[in-house]
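Notes follow once the structure below has been shown.
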Amino acid sequence: MPIWLTIDEHSGIPIYLQLVEQVQHALEVGTLQAGDALPTVRDLASELTLAPNTIVKAYSKLQALGLIKSRTGAGTVVTAGVNGSLRQAQQTALFERIDALVRDAAGLGLDPADLLARLQAAVAEVYPSAPTEGAF
Amino acid sequence: MATSLPRARTPAPITGAAIELHNLTVQYGAARAVDNLSFSVPEGSIFGFLGPNGAGKTTTIKTLLGFRPPAAGSARVLGLDVVRDSLAVRSRVGYVSESNSLYDGLTIPQLLAFCHTTTPRWDADRVARHLRTFRLPATGRVGRLSKGMKSQLALCLALGGDPDVLILDEPTGGLDPLARHEFLNIIVREVAAAGKTLFFSSHILSEVEAVADQVAIIRAGRLLVCDELDHLKATQRLLKLAYSAPPPPGELAALRALPGVARLEAEGRGVRLLVRGDIEALTGILRSRPLAPRHLDNVPLNLESLFLEYMKDGAEADAEGGAPDGH
Amino acid sequence: MEQKPTQRGVRPMVTKELLENRWKAGLGALIALLTATLAIYSFSWAAMLGPMTLDTPILSTPDRELLRQALTNADIWTWVNWFGKNAGIILAALAAVLGGTTIAGEVSRGTILLLLSKPISRDRVLLTKYATAALILLGVSGLASAAIAVSGWLLGYPQPLGGLLVATVLVWLGSLSILGWALLFSTLAPDSLRAVAGALVVAVLMGVPGLTPGGRPWNLAAYWASLPAYQGQAFPALELALCLIMAALPLVGALLLFRRRAF
């Protein structure tokens, strides 16, 4: 199971957050799907040589995000409604990146009009049927 | 074991703490090897005890095991006082010392027999299993094993008694990367995954970073920080600020005084802040300042960087002649 | 299977102690055996050589009368050449080595940390080491005496068994005082060599003759042997009592020091 998990223990990013990201990524690309079971805390800790508490934190966060659910006696599984929660989380992250982008543009001294024009062009290229004028 | 000073009543044990130190002070000859050390190790955690060489890690561990008496303060293991109830402590603790402590003159079976009958709850089958995992021989003189193999054997012996707390002092010196991985894996599997507590001291940060969920850093016998590793990584970051023009000294002074700024380094148009605390709030404050930076990078710190920053703190404090503060 | 930690600990510790000291014990036994056997066998040559004054080691009180008797009396000759001095020297040396190395040796090799990490009280650790060394010393003394008994029987001048037994125990008790001091030094010293050296110095001091008010030279080691007891003429109650006291005192000191020693 954890062959798709790669943890960088020596990064500054807490290991449990890396686990959460990796599970999210697996869900995005389809390695993990709704209904799949995840290893127990004990098993995963032993396989990855990580502290069980770290695994517990990762699972708690994933549960809080609505991506997994722990069922008594049946271990932990990916929830059925994962697609909704996952999409929500991805959208939030994306919008944060847009905010950062705009800030960087302002920092660079870019004209807002230039920025918007560029965004319009990108939308037109990627969304072929989207309206290109007057949207703003 | 008697100490010469009458000790104050030891504080009541903290529930859920496998190990607790309360103002522990230990002398090593005339020097204070451990100076007013206080922290607690939660049950079931993997606790990394870090510090440069000579910081007092081994002395602390020896005090927990009853090898040395505290000069002041107290310590408990599993709620038992390490001085008064040393026998009970030792019957529930597994220990691997920093340097070789195995009887070179005995054969492996003889050493196993010695441990079998001097350790309560010895499980010979489990020990045999661990020996096989490490690919250690079952016969032959202990003295013929390499340094690394002796460390592995010592771990097997310590695990044989099914300890509730496993205390390791710099355990993986002399092990090649594969052996070190196996060593850590066995520890995680047999101890932490079973709900037992693991307390180990190390100056090899990479192995601590891989498995520990709690860390304490000491220097010259004093505590610099004790916290969950994830929390440390989340609340300590470097903020790299890029300005259009070098900020004036007044602005730098103001930045230094902002909440959460632990250290400020400025060079030309760049400013580097070591932040301890609420990074989001500080980022917001920085962005809303009249002289806001043009660009802001939030850089996470790994354990080695965190450790070095704390060592810098300690060095600065020594230079000022004051005591460093810890949590 | 939970048992009281300390009760379980003692016997396997004894095994470990015996294993660790097997070479010292073996060498000591060999030397004692050879010396004791030679002590009794050499009587044949004494008889052959006649009234020549042999350079025999005698108690520091040169007793010419005793020496003259020894030339014609197998019992006295044997006693003079073994229990008189040599047994004491060999057993004292063995006691110094066994006792001096037992703690200090483990400290310098680091094994003391393994030992003390077990749930066995320090008193029990020290007493077990003492008991094992004492056992070895008794064994060596007994072996030498057995060799004398057998040799005497083979040679035609059998030695008094009762006297042999008493003398065996007496010299053994005497060596225990050196063992106690060696253990005490072992607890204090940073390495075995110093501990053993210290114990040997004590042994030498015990053999140094001092003058009592009466003018007769006297030393502590004199209480380790008694010719009248060997010959069955007297029971050495005073000697046994003094040896016991001299053995107990340094042992108590060692126990107290070991309790407080920081490692």
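In the structure tokens, chains take letters A, B, ... by order of appearance, with residues numbered from 1 within each chain and ligands from 1 in the order shown.
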Counting only C-alpha atoms, which residues of chain C come no farther than 12 Å from chain B, as JSON, numbers by chain? {"C": [1, 2, 3, 4, 5, 6, 7, 8, 9, 10, 11, 12, 13, 14, 15, 16, 17, 18, 19, 20, 21, 22, 23, 105, 106, 107, 108, 109, 110, 111, 112, 113, 114, 115, 116, 117, 118, 119, 120, 121, 122, 123, 124, 125, 255, 256, 257, 258, 259, 260, 261, 262, 263]}
Each residue of chain B lying at most 6 Å from chain A should get a row with its shortest atom-to-atom pair and the distance in Å to one decimal, counting only C-alpha atoms; could you produce that, ordered by chain and increasing number, as a Markdown table?
```
| residue | atom | partner | partner_atom | distance |
| --- | --- | --- | --- | --- |
| B:Asn185 | CA | A:Thr49 | CA | 5.1 |
| B:Arg189 | CA | A:Ser46 | CA | 4.9 |
| B:Ala193 | CA | A:Arg42 | CA | 5.1 |
| B:Ala210 | CA | A:Glu9 | CA | 5.1 |
| B:Val211 | CA | A:Leu50 | CA | 4.7 |
| B:Asp230 | CA | A:Pro14 | CA | 4.9 |
| B:Arg294 | CA | A:Gly107 | CA | 5.1 |
| B:Pro300 | CA | A:Gly12 | CA | 4.5 |
| B:Leu301 | CA | A:Gly12 | CA | 4.2 |
| B:Asn302 | CA | A:Gly12 | CA | 3.8 |
```
Writing out the chosen residues with C-alpha atoms as a CSV table (one decimal), in the first residue's frame:
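Writing the result to part_13.csv gives the following:
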```csv
chain,number,residue,atom,x,y,z
B,185,ASN,CA,12.4,-0.1,12.5
B,189,ARG,CA,7.6,-1.8,15.7
B,193,ALA,CA,3.6,0.6,17.9
B,210,ALA,CA,12.7,10.4,11.1
B,211,VAL,CA,11.1,8.9,14.0
B,230,ASP,CA,5.7,19.0,14.2
B,294,ARG,CA,8.4,43.7,-2.0
B,300,PRO,CA,10.4,25.9,6.6
B,301,LEU,CA,13.2,24.7,8.8
B,302,ASN,CA,14.3,21.1,9.1
```
Point-to-point distance from atom CA of C:Ala241 to atom CA of C:Thr37, Å rounded to tenths: 28.7 Å
Residues flagged strand (DSSP E) by DSSP in stretch 11-114 of chain A, as an NGL selection string: :A and (37-38 or 68-71 or 75-78)
Generate the output file for the selected residues, C-alpha atoms, as a compact mmCIF listing (two decimals), in the first residue's frame.
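That gives us out_32.txt:
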```
# COMPACT_ATOMS: atom_id res chain seq x y z
CA ALA A 37 -8.93 0.83 3.17
CA LEU A 38 -5.92 2.48 4.70
CA ILE A 68 -11.28 9.41 5.42
CA LYS A 69 -13.42 7.84 8.07
CA SER A 70 -12.52 5.40 10.78
CA ARG A 71 -15.03 2.64 11.39
CA GLY A 75 -10.12 0.15 10.28
CA THR A 76 -9.87 3.34 8.29
CA VAL A 77 -11.37 3.83 4.84
CA VAL A 78 -11.54 6.53 2.23
```
Test item: residues at most 8 Å from B:Leu24, only C-alpha atoms, excluding those fewer than 5 positions along its chain, as a PDB file with C-alpha atoms, in the first residue's frame:
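Written file, selection.pdb:
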```pdb
ATOM      1  CA  VAL B  34      22.725  18.874  34.346  1.00  0.00           C
ATOM      2  CA  ASP B  35      21.421  22.231  35.479  1.00  0.00           C
ATOM      3  CA  ASN B  36      17.861  22.710  36.665  1.00  0.00           C
ATOM      4  CA  LEU B  37      16.412  20.537  33.931  1.00  0.00           C
ATOM      5  CA  SER B  38      12.643  20.121  33.763  1.00  0.00           C
ATOM      6  CA  PRO B  70      20.774  14.008  41.731  1.00  0.00           C
ATOM      7  CA  ALA B  71      22.357  16.896  43.554  1.00  0.00           C
ATOM      8  CA  ALA B  72      19.021  18.724  43.554  1.00  0.00           C
ATOM      9  CA  GLY B  73      15.579  18.284  42.053  1.00  0.00           C
ATOM     10  CA  SER B  74      13.921  14.995  41.227  1.00  0.00           C
ATOM     11  CA  ALA B  75      12.968  12.657  38.429  1.00  0.00           C
TER      12      ALA B  75
END
```
Could you pull the residues within 9 Å of stretch 308-315 of chain B, counting only C-alpha atoms, minus those fewer than 6 positions along the same chain, as a PyMOL selection string? chain B and resi 51-52+217+219-220+224-225+274+323-324
Write the residues you've just listed into a file as a tab-separated table (two decimals), in the first residue's frame, and include C-alpha atoms for each of them.
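Writing done, so here's selection-v2.tsv:
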```tsv
chain	number	residue	atom	x	y	z
B	51	GLY	CA	22.23	18.28	22.34
B	52	PRO	CA	25.84	18.76	21.37
B	217	ILE	CA	17.26	20.19	23.07
B	219	ARG	CA	23.02	22.65	25.92
B	220	ALA	CA	25.51	22.82	28.76
B	224	LEU	CA	16.64	25.16	25.34
B	225	VAL	CA	13.33	23.79	24.10
B	274	LEU	CA	13.79	33.79	12.40
B	323	ALA	CA	20.71	32.00	31.29
B	324	PRO	CA	18.90	31.05	28.08
```
If we count only C-alpha atoms and set the cut-off at 10 Å, which residues sit around B:His203, ignoring sequence neighbours fewer than 2 positions away in its own chain? Please answer as a PDB file with N, CA and C atoms, in the first residue's frame.
```pdb
ATOM      1  N   GLY B  48      12.988  12.376  21.310  1.00  0.00           N
ATOM      2  CA  GLY B  48      14.390  12.567  20.956  1.00  0.00           C
ATOM      3  C   GLY B  48      15.024  13.580  21.880  1.00  0.00           C
ATOM      4  N   PHE B  49      16.135  13.195  22.481  1.00  0.00           N
ATOM      5  CA  PHE B  49      16.816  14.027  23.459  1.00  0.00           C
ATOM      6  C   PHE B  49      18.103  14.492  22.800  1.00  0.00           C
ATOM      7  N   LEU B  50      18.124  15.753  22.412  1.00  0.00           N
ATOM      8  CA  LEU B  50      19.211  16.236  21.574  1.00  0.00           C
ATOM      9  C   LEU B  50      20.105  17.210  22.289  1.00  0.00           C
ATOM     10  N   GLY B  51      21.315  17.279  21.807  1.00  0.00           N
ATOM     11  CA  GLY B  51      22.230  18.280  22.345  1.00  0.00           C
ATOM     12  C   GLY B  51      23.615  18.010  21.808  1.00  0.00           C
ATOM     13  N   PRO B  52      24.476  19.002  21.823  1.00  0.00           N
ATOM     14  CA  PRO B  52      25.844  18.757  21.366  1.00  0.00           C
ATOM     15  C   PRO B  52      26.568  17.825  22.331  1.00  0.00           C
ATOM     16  N   ASN B  53      27.742  17.363  21.926  1.00  0.00           N
ATOM     17  CA  ASN B  53      28.515  16.480  22.801  1.00  0.00           C
ATOM     18  C   ASN B  53      28.820  17.183  24.117  1.00  0.00           C
ATOM     19  N   LYS B  57      23.507  14.817  28.208  1.00  0.00           N
ATOM     20  CA  LYS B  57      22.485  13.812  27.870  1.00  0.00           C
ATOM     21  C   LYS B  57      22.750  12.507  28.601  1.00  0.00           C
ATOM     22  N   ASP B 169      20.883   5.464  24.751  1.00  0.00           N
ATOM     23  CA  ASP B 169      21.849   6.555  24.765  1.00  0.00           C
ATOM     24  C   ASP B 169      22.708   6.458  23.518  1.00  0.00           C
ATOM     25  N   GLU B 170      22.448   7.341  22.563  1.00  0.00           N
ATOM     26  CA  GLU B 170      23.201   7.371  21.309  1.00  0.00           C
ATOM     27  C   GLU B 170      23.318   5.968  20.709  1.00  0.00           C
ATOM     28  N   GLY B 173      25.373   4.661  16.759  1.00  0.00           N
ATOM     29  CA  GLY B 173      26.755   4.889  16.349  1.00  0.00           C
ATOM     30  C   GLY B 173      27.366   3.574  15.897  1.00  0.00           C
ATOM     31  N   SER B 201      18.607   9.480  23.269  1.00  0.00           N
ATOM     32  CA  SER B 201      19.438  10.661  23.081  1.00  0.00           C
ATOM     33  C   SER B 201      20.267  10.444  21.836  1.00  0.00           C
ATOM     34  N   LEU B 205      21.003  14.032  14.075  1.00  0.00           N
ATOM     35  CA  LEU B 205      19.689  14.641  13.937  1.00  0.00           C
ATOM     36  C   LEU B 205      18.809  13.909  12.931  1.00  0.00           C
ATOM     37  N   SER B 206      19.408  13.353  11.901  1.00  0.00           N
ATOM     38  CA  SER B 206      18.574  12.764  10.857  1.00  0.00           C
ATOM     39  C   SER B 206      17.753  11.608  11.390  1.00  0.00           C
ATOM     40  N   GLU B 207      18.339  10.811  12.269  1.00  0.00           N
ATOM     41  CA  GLU B 207      17.545   9.680  12.741  1.00  0.00           C
ATOM     42  C   GLU B 207      16.467  10.120  13.724  1.00  0.00           C
ATOM     43  N   VAL B 208      16.741  11.165  14.471  1.00  0.00           N
ATOM     44  CA  VAL B 208      15.724  11.682  15.380  1.00  0.00           C
ATOM     45  C   VAL B 208      14.571  12.244  14.566  1.00  0.00           C
TER      46      VAL B 208
END
```
From a backbone DSSP assignment, name each residue in stretch 218-285 of chain B labelled alpha helix (DSSP H), as a ChimeraX atom specification. /B:229-235,249-256,279-285
Emit the selected residues as a compact mmCIF listing (two decimals), in the first residue's frame, including C-alpha atoms.
```txt
# COMPACT_ATOMS: atom_id res chain seq x y z
CA LEU B 229 8.62 18.19 16.52
CA ASP B 230 5.73 19.01 14.20
CA HIS B 231 4.83 22.01 16.32
CA LEU B 232 8.41 23.24 16.21
CA LYS B 233 8.48 22.91 12.45
CA ALA B 234 5.13 24.65 12.13
CA THR B 235 5.92 27.58 14.38
CA PRO B 249 17.94 51.24 10.82
CA GLY B 250 14.73 52.57 12.35
CA GLU B 251 12.67 50.13 10.35
CA LEU B 252 15.01 47.27 11.24
CA ALA B 253 14.67 48.10 14.93
CA ALA B 254 10.90 48.16 14.58
CA LEU B 255 10.95 44.80 12.80
CA ARG B 256 13.09 43.29 15.51
CA ILE B 279 3.71 33.29 11.31
CA GLU B 280 0.43 34.16 9.62
CA ALA B 281 -0.13 37.12 11.92
CA LEU B 282 3.39 38.38 11.44
CA THR B 283 3.12 38.05 7.67
CA GLY B 284 -0.04 40.15 7.81
CA ILE B 285 1.66 42.81 9.92
```
Atomic separation - atom CA of A:Leu94 relative to atom CA of B:Lys240, Å: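 Interatomic distance, atom CA of B:Lys240 to atom CA of A:Leu94: 23.0 Å.
The space separating atom CA of C:Gly162 from atom CA of C:Leu71 comes to 22.5 Å.
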Residues at most 12 Å from C:Leu155, counting only C-alpha atoms, excluding those fewer than 4 positions away in the same chain, as a PDB file with C-alpha atoms, in the first residue's frame?
```
ATOM      1  CA  THR C  37      52.326 -30.526  46.802  1.00  0.00           C
ATOM      2  CA  ILE C  40      54.901 -31.989  51.456  1.00  0.00           C
ATOM      3  CA  TYR C  41      57.044 -33.770  48.901  1.00  0.00           C
ATOM      4  CA  SER C  42      60.098 -31.726  49.809  1.00  0.00           C
ATOM      5  CA  PHE C  43      60.116 -33.405  53.200  1.00  0.00           C
ATOM      6  CA  SER C  44      61.742 -36.401  51.555  1.00  0.00           C
ATOM      7  CA  ALA C  74      56.581 -34.431  58.392  1.00  0.00           C
ATOM      8  CA  ALA C 147      46.594 -32.443  47.469  1.00  0.00           C
ATOM      9  CA  ILE C 148      48.477 -32.485  50.756  1.00  0.00           C
ATOM     10  CA  ALA C 149      46.158 -35.109  52.169  1.00  0.00           C
ATOM     11  CA  VAL C 150      46.517 -37.342  49.129  1.00  0.00           C
ATOM     12  CA  SER C 151      50.256 -36.833  48.853  1.00  0.00           C
ATOM     13  CA  GLN C 159      48.621 -35.502  57.611  1.00  0.00           C
TER      14      GLN C 159
END
```
Nearest to A:Ile55: which of A:Thr31, A:Thr79, A:Gln18, A:Ser129 is it, counting only C-alpha atoms?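 Result for the nearest residue to A:Ile55: A:Gln18.
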